[in-house]
There are 4 protein chains.
Amino acid sequence: MPFNSFGRLFRFTTWGESHGPALGCVVDGVPPGAPVSEADLQVWLDRRKPGQSRFTTQRREADEVRILSGVFEGVTTGTPVSLMIENTDQRSKDYSEIAKTFRPGHADLAYWRKYGVRDYRGGGRSSARETAARVAAGGIARAVLAQMLPQLTIRAALVRIGKIAVDRARWDWDECARNPFWSPDAQAAGEWSEYLDGLRKSGNSVGAVIEVVASGVPEGLGAPVYAKLDQDLASAMMSINAVKGVEIGAGMAAAELTGVENADEIFMGNDGRPTFASNHAGGVLGGISSGQDVVVRFAVKPTSSILSPRASIDLAGQPAEVVTKGRHDPCVGIRAAPVGEAMMACVLLDHILLNRGQTGAQPGESLGPLG
Amino acid sequence: MPFNSFGRLFRFTTWGESHGPALGCVVDGVPPGAPVSEADLQVWLDRRKPGQSRFTTQRREADEVRILSGVFEGVTTGTPVSLMIENTDQRSKDYSEIAKTFRPGHADLAYWRKYGVRDYRGGGRSSARETAARVAAGGIARAVLAQMLPQLTIRAALVRIGKIAVDRARWDWDECARNPFWSPDAQAAGEWSEYLDGLRKSGNSVGAVIEVVASGVPEGLGAPVYAKLDQDLASAMMSINAVKGVEIGAGMAAAELTGVENADEIFMGNDGRPTFASNHAGGVLGGISSGQDVVVRFAVKPTSSILSPRASIDLAGQPAEVVTKGRHDPCVGIRAAPVGEAMMACVLLDHILLNRGQTGAQPGESLGPLG
Amino acid sequence: MPFNSFGRLFRFTTWGESHGPALGCVVDGVPPGAPVSEADLQVWLDRRKPGQSRFTTQRREADEVRILSGVFEGVTTGTPVSLMIENTDQRSKDYSEIAKTFRPGHADLAYWRKYGVRDYRGGGRSSARETAARVAAGGIARAVLAQMLPQLTIRAALVRIGKIAVDRARWDWDECARNPFWSPDAQAAGEWSEYLDGLRKSGNSVGAVIEVVASGVPEGLGAPVYAKLDQDLASAMMSINAVKGVEIGAGMAAAELTGVENADEIFMGNDGRPTFASNHAGGVLGGISSGQDVVVRFAVKPTSSILSPRASIDLAGQPAEVVTKGRHDPCVGIRAAPVGEAMMACVLLDHILLNRGQTGAQPGESLGPLG
Amino acid sequence: MPFNSFGRLFRFTTWGESHGPALGCVVDGVPPGAPVSEADLQVWLDRRKPGQSRFTTQRREADEVRILSGVFEGVTTGTPVSLMIENTDQRSKDYSEIAKTFRPGHADLAYWRKYGVRDYRGGGRSSARETAARVAAGGIARAVLAQMLPQLTIRAALVRIGKIAVDRARWDWDECARNPFWSPDAQAAGEWSEYLDGLRKSGNSVGAVIEVVASGVPEGLGAPVYAKLDQDLASAMMSINAVKGVEIGAGMAAAELTGVENADEIFMGNDGRPTFASNHAGGVLGGISSGQDVVVRFAVKPTSSILSPRASIDLAGQPAEVVTKGRHDPCVGIRAAPVGEAMMACVLLDHILLNRGQTGAQPGESLGPLG
């Protein structure tokens with residue numbers, strides 16, 4: 001319940017500060033019998049780790065993950081999987097300034113006012129380094145899902161940086177791996193590159209929108225009324241650092257549609273499952289997955305750690321002009337893509353286990369026949 | 001945990017189907033000593049109840065709430081408060097059609113596929129009638145909050161119906177009570193009225209955006225990393241029927257801002273608390289309330305129960321054209337405003353109790369002094 | 001989480017005070033498709049209800065249960081089942097004395113000190129009338145279990161009243177239904193009858209031990225380390241009013257055994273499942289069911305509501321001699337037998353769902369083959 | 001929720017296997033501002049660690065605990081505290097026998113049947129080594145409690161080994177530190193020493209009873225009906241390896257008492273708080289602490305790992321005679337004393353936070369005045 005855990009039957013608890021000795025998570029409720037290795041997890045961590053292009057923070061972290069429990073002879077045992085990532089590049093530097101003033105838009109002030117004590121080094125617990133632990137947990141979820149539902153895919157793409165959005169007509173999932181932005185649109189990636197170079201030089205930052213799509217999701221995931229699949233996805237994505245909005249399917253734009261436009265007409269598929277003419281619903285009906293692609297988008301605000309001076313206050317309550325030096329992401333949204341994927345994986349697996357528990361349906365099985 | 005409960009220390013569990021004998025909720029974790037009566041709760045229920053204008057469903061429900069436990073001599077005792085609302089206008093009618101076909105965009109199909117059994121009458125458990133129970137729970141939360149933080153206000157307004165948005169320059173909270181749309185802008189209300197009359201006649205429906213604003217929120221609410229205040233608000237709002245998007249502060253538009261634009265500059269207020277030059281954050285920093293207004297918006301899709309025929313399938317898996325007769329809301333978003341307020345009240349109270357538990361700070365107290 | 005809910009995937013929340021208008025529970029996580037009716041539930045409630053012999057309180061309550069949701073056309077739908085029992089025999093009487101003084105050994109004082117407000121009529125929330133709601137929830141669990149595991153039986157017996165214990169050599173389950181004490185030993189029942197008549201006349205009360213035995217329990221229930229089956233049973237039984245001790249298998253006496261004596265030797269059964277030479281373990285190994293009978297005992301203290309005067313204090317903190325008039329059970333343990341059965345049913349079903357969720361094993365299925 | 005977490009607002013999650021690289025826990029919900037160091041925690045771990053006398057296992061483990069997060073400049077920050085203990089004495093040996101057969105009375109068989117995979121080395125997750133993580137979590141709880149309620153003490157004593165019980169007339173808490181058994185009775189310690197030497201030589205083991213007493217517990221802890229203080233203590237103690245019975249106050253013997261005998265008469269203390277003539281209740285009334293000593297006892301069965309051969313089966317389902325070689329405790333109960341203390345500390349702190357959250361009462365404050 002309190003505060004650093006996510007999920008119900010598949011549940012992870014993260015710990016660690018940006019500049020502490022290590023960070024990690026304990027993943028509980030992992031089904032037994034799934035093959036997983038440190039190398040399997042490292043694949044996902046490497047996608048999130050910093051310093052991979054000039055568009056992300058230059059902090060150098062290997063982000064090497066160790067499995068400390070719950071895996072025996074290469075296979076999960078059903079006991080908790082403890083994962084640890086040591087921090088290696090916590091520069092010894094002078095923190096006196098960051099310790100005494102508050103960055104506008106940053107969690108600094110709120111932590112201080114709430115707790116009366118804070119590890120200010122690199123943002124402490126509020127640092128986005130915490131998301132490395134999520135990605136590790138997501139790797140465990142993926143290992144289980146790979147065995148359980150081999151056809152399931154979970155992919156994320158950046159669809160907007162600042163005012164520049166991708167063109168959906170040019171969408172190509174394979175392109176995401178070919179540019180440093182997870183962009184499915186090579187042309188947008190080029191524009192972003194140029195735009196971000198300018199921003200970085202001017203000591204500024206910018207926001208982004210990430211879209212996460214899960215295909216091959218079985219029907220029946222999500223438990224009304226307060227464990228709806230889309231509700232849990234909203235919770236998952238909003239828990240990621242700097243996220244300010246979450247959309248399912250048509251999202252905020254659903255408000256502008258009429259019922260006739262918005263209705264996803266239903267047909268029978270050749271596989272005996274329902275199929276749909278459109279996907280305004282984003283794969284979720286009444287909180288329950290319909291078998292369509294589950295589509296979630298979330299907006300990441302621009303990082304508040306910028307080189308441009310902003311008005312603020314210090315610990316003494318006196319006015320202070322704040323400039324954040326150091327290694328920061330001009331667009332933190334870029335590194336949020338693998339985090340969004342990880343959260344999707346965790347939510348889906350949790351609901352697969354919940355559904356199996358409550359209804360007895362194996363993943364992909366339906367209790368309500370058609371015809 | 002499973003499935004029909006919301007909240008942690010202040011937690012309600014709802015039950016009931018649209019056409020069953022009654023619906024209600026059990027509210028647990030209610031602090032002792034708060035004055036509350038059925039009449040107090042009825043005020044909130046009356047704001048949500050159907051049939052109050054031609055723009056909402058014509059179902060006639062008194063929505064009279066009874067307190068069955070947890071209140072003694074007009075005061076909460078700390079034991080669970082059980083609230084019940086009897087259904088009185090479940091028309092006896094022929095449900096054979098609705099029982100056999102699936103409305104596009106409706107939970108019908110998903111419930112059937114998941115459970116293999118469903119109470120199809122009026123949507124059963126997936127009906128928005130469930131939100132009456134939320135509003136009742138919200139009334140309990142408000143009674144406690146009124147005693148604890150008299151200066152706190154929680155208000156909701158519709159800011160968009162279809163393509164027509166309110167003009168924020170004309171925003172007047174008092175106007176919300178003067179039109180049937182919770183519109184803070186009288187002119188928009190007029191345009192909506194005309195637009196909805198046309199829609200209704202053509203058997204169509206439309207979406208809406210609701211904005212909920214809490215003022216006087218104490219600092220320090222929200223517990224990183226997985227019980228963030230904004231995360232719980234996202235979960236709360238996304239759990240409301242037909243919601244497809246949730247925003248905090250700048251919301252999805254945060255993606256289009258630069259760090260310089262987005263930073264809410266900080267000053268010291270005359271009351272010794274931090275004050276801010278703007279509120280892109282929506283009152284939440286790092287998941288923790290900052291003392292600014294907490295601002296949440298959510299988009300409600302158009303209802304899928306429309307008179308215009310849409311393609312679908314039936315229980316036999318055969319094609320079927322579906323037209324939903326009966327009493328339905330052309331814009332269900334209208335009645336979501338009091339529901340959004342209720343969810344805000346519940347989330348805030350829950351976090352006040354959590355914060356009091358974890359840090360020992362009384363509501364409004366801060367552990368981190370400034371100066 | 002807070003405070004009036006029990007269970008994880010199968011979870012019930014109870015509400016109601018002794019002298020309020022009603023009491024009840026909401027049962028969440030009920031698997032869909034189980035046949036259940038009010039008459040099915042009434043069978044269990046009738047076994048617990050007061051006034052059935054001169055050895056229990058003479059309060060007259062019909063304890064008629066109503067199903068308000070979650071069952072459609074005689075079958076559970078997977079949505080929450082709301083159950084309500086109206087209180088009908090709350091005698092209007094003068095409560096001024098009980099409102100002002102505290103019964104030694106009763107929850108009166110603790111509630112007052114904790115909450116500063118209490119419904120003192122009949123003990124309010126601390127009354128054992130709350131257990132009617134548990135028995136109703138247990139009835140739902142039994143309905144699901146009957147369909148899922150027809151061979152499973154859950155039975156309780158009184159094995160001790162005061163100094164008089166049953167003789168296990170005379171144990172006959174059928175005898176339990178033939179005497180008013182749930183005694184499996186007719187001779188002990190006779191002795192208890194005489195003993196309790198004397199106690200009642202002298203205005204005294206006495207304790208009891210109840211044993212609950214579940215046969216046909218599948219292997220694999222219980223999730224180490226903090227959701228062990230025996231741990232959850234201990235929690236379940238200790239939550240019943242007036243319980244002061246809980247034992248699994250050999251129980252406290254295990255401390256007096258050697259490892260050689262205590263080891264339950266293992267053999268292969270004809271059904272391909274392990275079988276055991278003895279059952280000191282009470283059917284639980286390492287927190288997980290072994291397939292043996294699950295055996296739990298719990299001790300119920302004598303009721304503190306007695307006619308013999310005892311020293312206490314009043315609201316003013318002044319000395320007061322307390323005598324509890326009114327209708328009370330000379331041995332509340334008698335009516336605890338069906339409550340213990342109900343809690344056993346709920347715990348087992350919860351763990352069946354949890355195990356199905358985590359491991360995918362259907363009830364009775366094992367992932368670890370022998371041979 | 002699932003499975004390896006304990007507590008609500010103060011909640012720890014343990015991980016690790018007996019022969020894995022490490023074990024540990026994440027402690028969440030730790031109030032900010034409590035001083036704590038690795039050395040503070042080590043004190044408690046040293047009391048539990050093996051190999052301290054000839055009466056416990058000869059496995060040599062330093063049990064050195066590291067704090068990986070949640071403490072900054074010697075003070076808790078309110079973020080999760082991650083604690084790790086490396087395993088150093090996992091002897092490389094031949095596990096082929098233990099991998100293929102099942103010890104009677106051990107979790108081996110149940111894990112295999114449930115999960116179909118298990119880390120058999122040293123019992124894997126079912127090993128009592130897991131309790132080192134509990135003791136570490138308990139150390140964090142104690143650090144917070146020491147600051148919050150300096151007068152609170154939590155102490156455990158062994159009161160029985162086999163047939164030999166302590167004499168309560170000779171009870172001396174200081175004696176517990178002077179013998180290797182936590183015996184408050186020097187004479188019993190002498191008898192146990194002799195008895196255990198004999199048992200060890202004969203390859204046998206024996207059970208024990210531990211009593212945990214908390215003094216200075218504030219009134220008002222425990223939340224009816226399903227988070228009762230005694231219920232949570234029962235759950236806590238029954239979750240410890242090999243525990244088969246839990247008693248509060250008079251415990252199982254309460255069944256043999258009359259109401260007149262069992263009533264703890266109430267007086268006003270000089271400090272304006274209620275005081276009691278006796279403590280059959282064990283400090284808990286109606287699930288809520290009364291301010292008396294909280295008294296819990298639990299029985300630990302004899303370890304199933306013995307040198308005497310017992311009948312069992314192997315993985316092939318064939319009969320096998322099992323003898324457990326290696327380093328084992330002849331009376332595992334001895335090392336359970338500090339574990340019981342740790343669980344008591346965690347439960348009390350959890351309820352202090354819960355009570356503070358729900359009622360707003362600071363530790364030791366009461367909402368219900370007397371006089």
# chains A, B, ... in the order shown; residues from 1 in each chain; ligands from 1

call {"tool": "residues_around", "arguments": {"residues": "Ile98 (chain C)", "least_positions_apart": "3", "cutoff": "12 Å", "atoms": "only C-alpha atoms", "output": "PyMOL selection string"}}
result
chain C and resi 93-95+101-104+106+108-109+118-124+305+313-315+320-326

call {"tool": "select_by_dssp", "arguments": {"residues": "region 89-306 of chain D", "states": "strand (DSSP E or B)", "output": "number ranges by chain"}}
result
D: 101, 153-161, 164-165, 206, 208-215, 223, 227, 243-248, 258, 266-268, 274-276, 284-285, 288-289, 294-300

call {"tool": "closest_atom_pairs", "arguments": {"of": "chain D", "to": "chain B", "cutoff": "6 Å", "atoms": "only C-alpha atoms", "output": "Markdown table"}}
result
| residue | atom | partner | partner_atom | distance |
| --- | --- | --- | --- | --- |
| D:Pro31 | CA | B:Gln358 | CA | 5.3 |
| D:Leu353 | CA | B:Gly357 | CA | 4.6 |
| D:Leu354 | CA | B:Gly357 | CA | 5.8 |
| D:Arg356 | CA | B:Gly357 | CA | 5.0 |
| D:Gly357 | CA | B:Gly357 | CA | 3.8 |
| D:Gln358 | CA | B:Pro31 | CA | 5.3 |
| D:Thr359 | CA | B:Pro31 | CA | 5.5 |

call {"tool": "residues_around", "arguments": {"residues": "Cys346 (chain D)", "least_positions_apart": "4", "cutoff": "8 Å", "atoms": "only C-alpha atoms", "output": "list in words"}}
result
Gly7, Phe10, Ala137, Gly138, Ala141, Arg142, Ala342 and Asp350 of chain D

call {"tool": "atom_distance", "arguments": {"atom1": "CA of Ala136 (chain A)", "atom2": "CA of Gly16 (chain A)"}}
result
13.5 Å

call {"tool": "select_by_dssp", "arguments": {"residues": "region 49-280 of chain D", "states": "helix (DSSP H, G or I)", "output": "number ranges by chain"}}
result
D: 96-100, 108-115, 121-126, 130-148, 168-170, 173-178, 186-201, 229-238, 251-256, 259-262

call {"tool": "write_last_selection", "arguments": {"atoms": "C-alpha atoms", "output": "mmCIF file, in the first residue's frame"}}
result
data_model
loop_
_atom_site.group_PDB
_atom_site.id
_atom_site.type_symbol
_atom_site.label_atom_id
_atom_site.label_comp_id
_atom_site.auth_asym_id
_atom_site.auth_seq_id
_atom_site.Cartn_x
_atom_site.Cartn_y
_atom_site.Cartn_z
ATOM 1 C CA SER D 96 21.704 -33.926 -4.908
ATOM 2 C CA GLU D 97 20.045 -35.743 -2.039
ATOM 3 C CA ILE D 98 18.084 -32.814 -0.674
ATOM 4 C CA ALA D 99 17.092 -31.948 -4.237
ATOM 5 C CA LYS D 100 15.498 -35.307 -4.790
ATOM 6 C CA ASP D 108 10.126 -28.820 0.561
ATOM 7 C CA LEU D 109 7.188 -30.857 -0.646
ATOM 8 C CA ALA D 110 4.662 -28.046 -0.529
ATOM 9 C CA TYR D 111 6.887 -25.683 -2.546
ATOM 10 C CA TRP D 112 7.483 -28.339 -5.139
ATOM 11 C CA ARG D 113 3.810 -29.158 -5.532
ATOM 12 C CA LYS D 114 2.845 -25.500 -5.689
ATOM 13 C CA TYR D 115 5.522 -24.031 -7.914
ATOM 14 C CA ARG D 121 19.699 -25.293 -1.324
ATOM 15 C CA GLY D 122 19.271 -24.834 2.409
ATOM 16 C CA GLY D 123 15.512 -24.619 2.072
ATOM 17 C CA GLY D 124 15.681 -21.702 -0.329
ATOM 18 C CA ARG D 125 13.028 -19.142 0.410
ATOM 19 C CA SER D 126 11.466 -21.275 3.160
ATOM 20 C CA GLU D 130 14.472 -14.926 5.879
ATOM 21 C CA THR D 131 13.943 -13.803 9.460
ATOM 22 C CA ALA D 132 17.217 -11.855 9.347
ATOM 23 C CA ALA D 133 15.411 -9.452 7.013
ATOM 24 C CA ARG D 134 12.560 -9.130 9.513
ATOM 25 C CA VAL D 135 14.965 -8.313 12.284
ATOM 26 C CA ALA D 136 16.534 -5.635 10.116
ATOM 27 C CA ALA D 137 13.094 -4.151 9.383
ATOM 28 C CA GLY D 138 12.339 -4.338 13.077
ATOM 29 C CA GLY D 139 15.491 -2.343 13.713
ATOM 30 C CA ILE D 140 14.128 0.468 11.547
ATOM 31 C CA ALA D 141 10.836 0.308 13.436
ATOM 32 C CA ARG D 142 12.691 0.484 16.739
ATOM 33 C CA ALA D 143 14.670 3.523 15.614
ATOM 34 C CA VAL D 144 11.439 5.354 14.862
ATOM 35 C CA LEU D 145 9.751 4.157 18.048
ATOM 36 C CA ALA D 146 12.729 5.190 20.174
ATOM 37 C CA GLN D 147 12.266 8.755 18.999
ATOM 38 C CA MET D 148 8.475 8.711 19.152
ATOM 39 C CA ARG D 168 7.153 -17.259 36.546
ATOM 40 C CA ALA D 169 7.959 -16.665 40.197
ATOM 41 C CA ARG D 170 11.623 -16.539 39.188
ATOM 42 C CA TRP D 173 14.181 -9.894 32.428
ATOM 43 C CA ASP D 174 17.859 -9.180 33.015
ATOM 44 C CA GLU D 175 18.543 -12.905 33.147
ATOM 45 C CA CYS D 176 17.562 -13.222 29.464
ATOM 46 C CA ALA D 177 20.850 -11.660 28.369
ATOM 47 C CA ARG D 178 22.914 -13.935 30.610
ATOM 48 C CA ALA D 186 18.290 -19.116 35.333
ATOM 49 C CA GLN D 187 17.251 -22.465 36.686
ATOM 50 C CA ALA D 188 15.198 -23.349 33.617
ATOM 51 C CA ALA D 189 18.131 -22.288 31.457
ATOM 52 C CA GLY D 190 20.283 -24.812 33.231
ATOM 53 C CA GLU D 191 17.778 -27.586 32.718
ATOM 54 C CA TRP D 192 17.352 -26.686 29.051
ATOM 55 C CA SER D 193 21.092 -26.781 28.509
ATOM 56 C CA GLU D 194 21.328 -30.310 29.767
ATOM 57 C CA TYR D 195 18.198 -31.407 27.918
ATOM 58 C CA LEU D 196 19.334 -29.969 24.584
ATOM 59 C CA ASP D 197 22.775 -31.524 24.827
ATOM 60 C CA GLY D 198 21.091 -34.890 25.027
ATOM 61 C CA LEU D 199 18.732 -34.154 22.177
ATOM 62 C CA ARG D 200 21.503 -32.944 19.930
ATOM 63 C CA LYS D 201 23.512 -36.081 20.464
ATOM 64 C CA LEU D 229 -4.087 -5.156 17.012
ATOM 65 C CA ASP D 230 -4.252 -8.727 18.285
ATOM 66 C CA GLN D 231 -5.272 -9.971 14.852
ATOM 67 C CA ASP D 232 -2.247 -8.344 13.264
ATOM 68 C CA LEU D 233 -0.013 -9.733 16.003
ATOM 69 C CA ALA D 234 -1.414 -13.201 15.383
ATOM 70 C CA SER D 235 -0.733 -12.800 11.687
ATOM 71 C CA ALA D 236 2.775 -11.486 12.384
ATOM 72 C CA MET D 237 3.767 -14.298 14.690
ATOM 73 C CA MET D 238 2.140 -17.069 12.665
ATOM 74 C CA GLY D 251 -4.543 -17.251 25.370
ATOM 75 C CA MET D 252 -5.942 -20.754 24.978
ATOM 76 C CA ALA D 253 -6.396 -20.922 28.745
ATOM 77 C CA ALA D 254 -9.067 -18.206 28.494
ATOM 78 C CA ALA D 255 -11.400 -20.995 27.451
ATOM 79 C CA GLU D 256 -11.127 -22.484 30.916
ATOM 80 C CA GLY D 259 -16.283 -14.333 33.219
ATOM 81 C CA VAL D 260 -15.767 -13.410 36.856
ATOM 82 C CA GLU D 261 -12.205 -14.737 36.803
ATOM 83 C CA ASN D 262 -11.347 -13.294 33.411
#
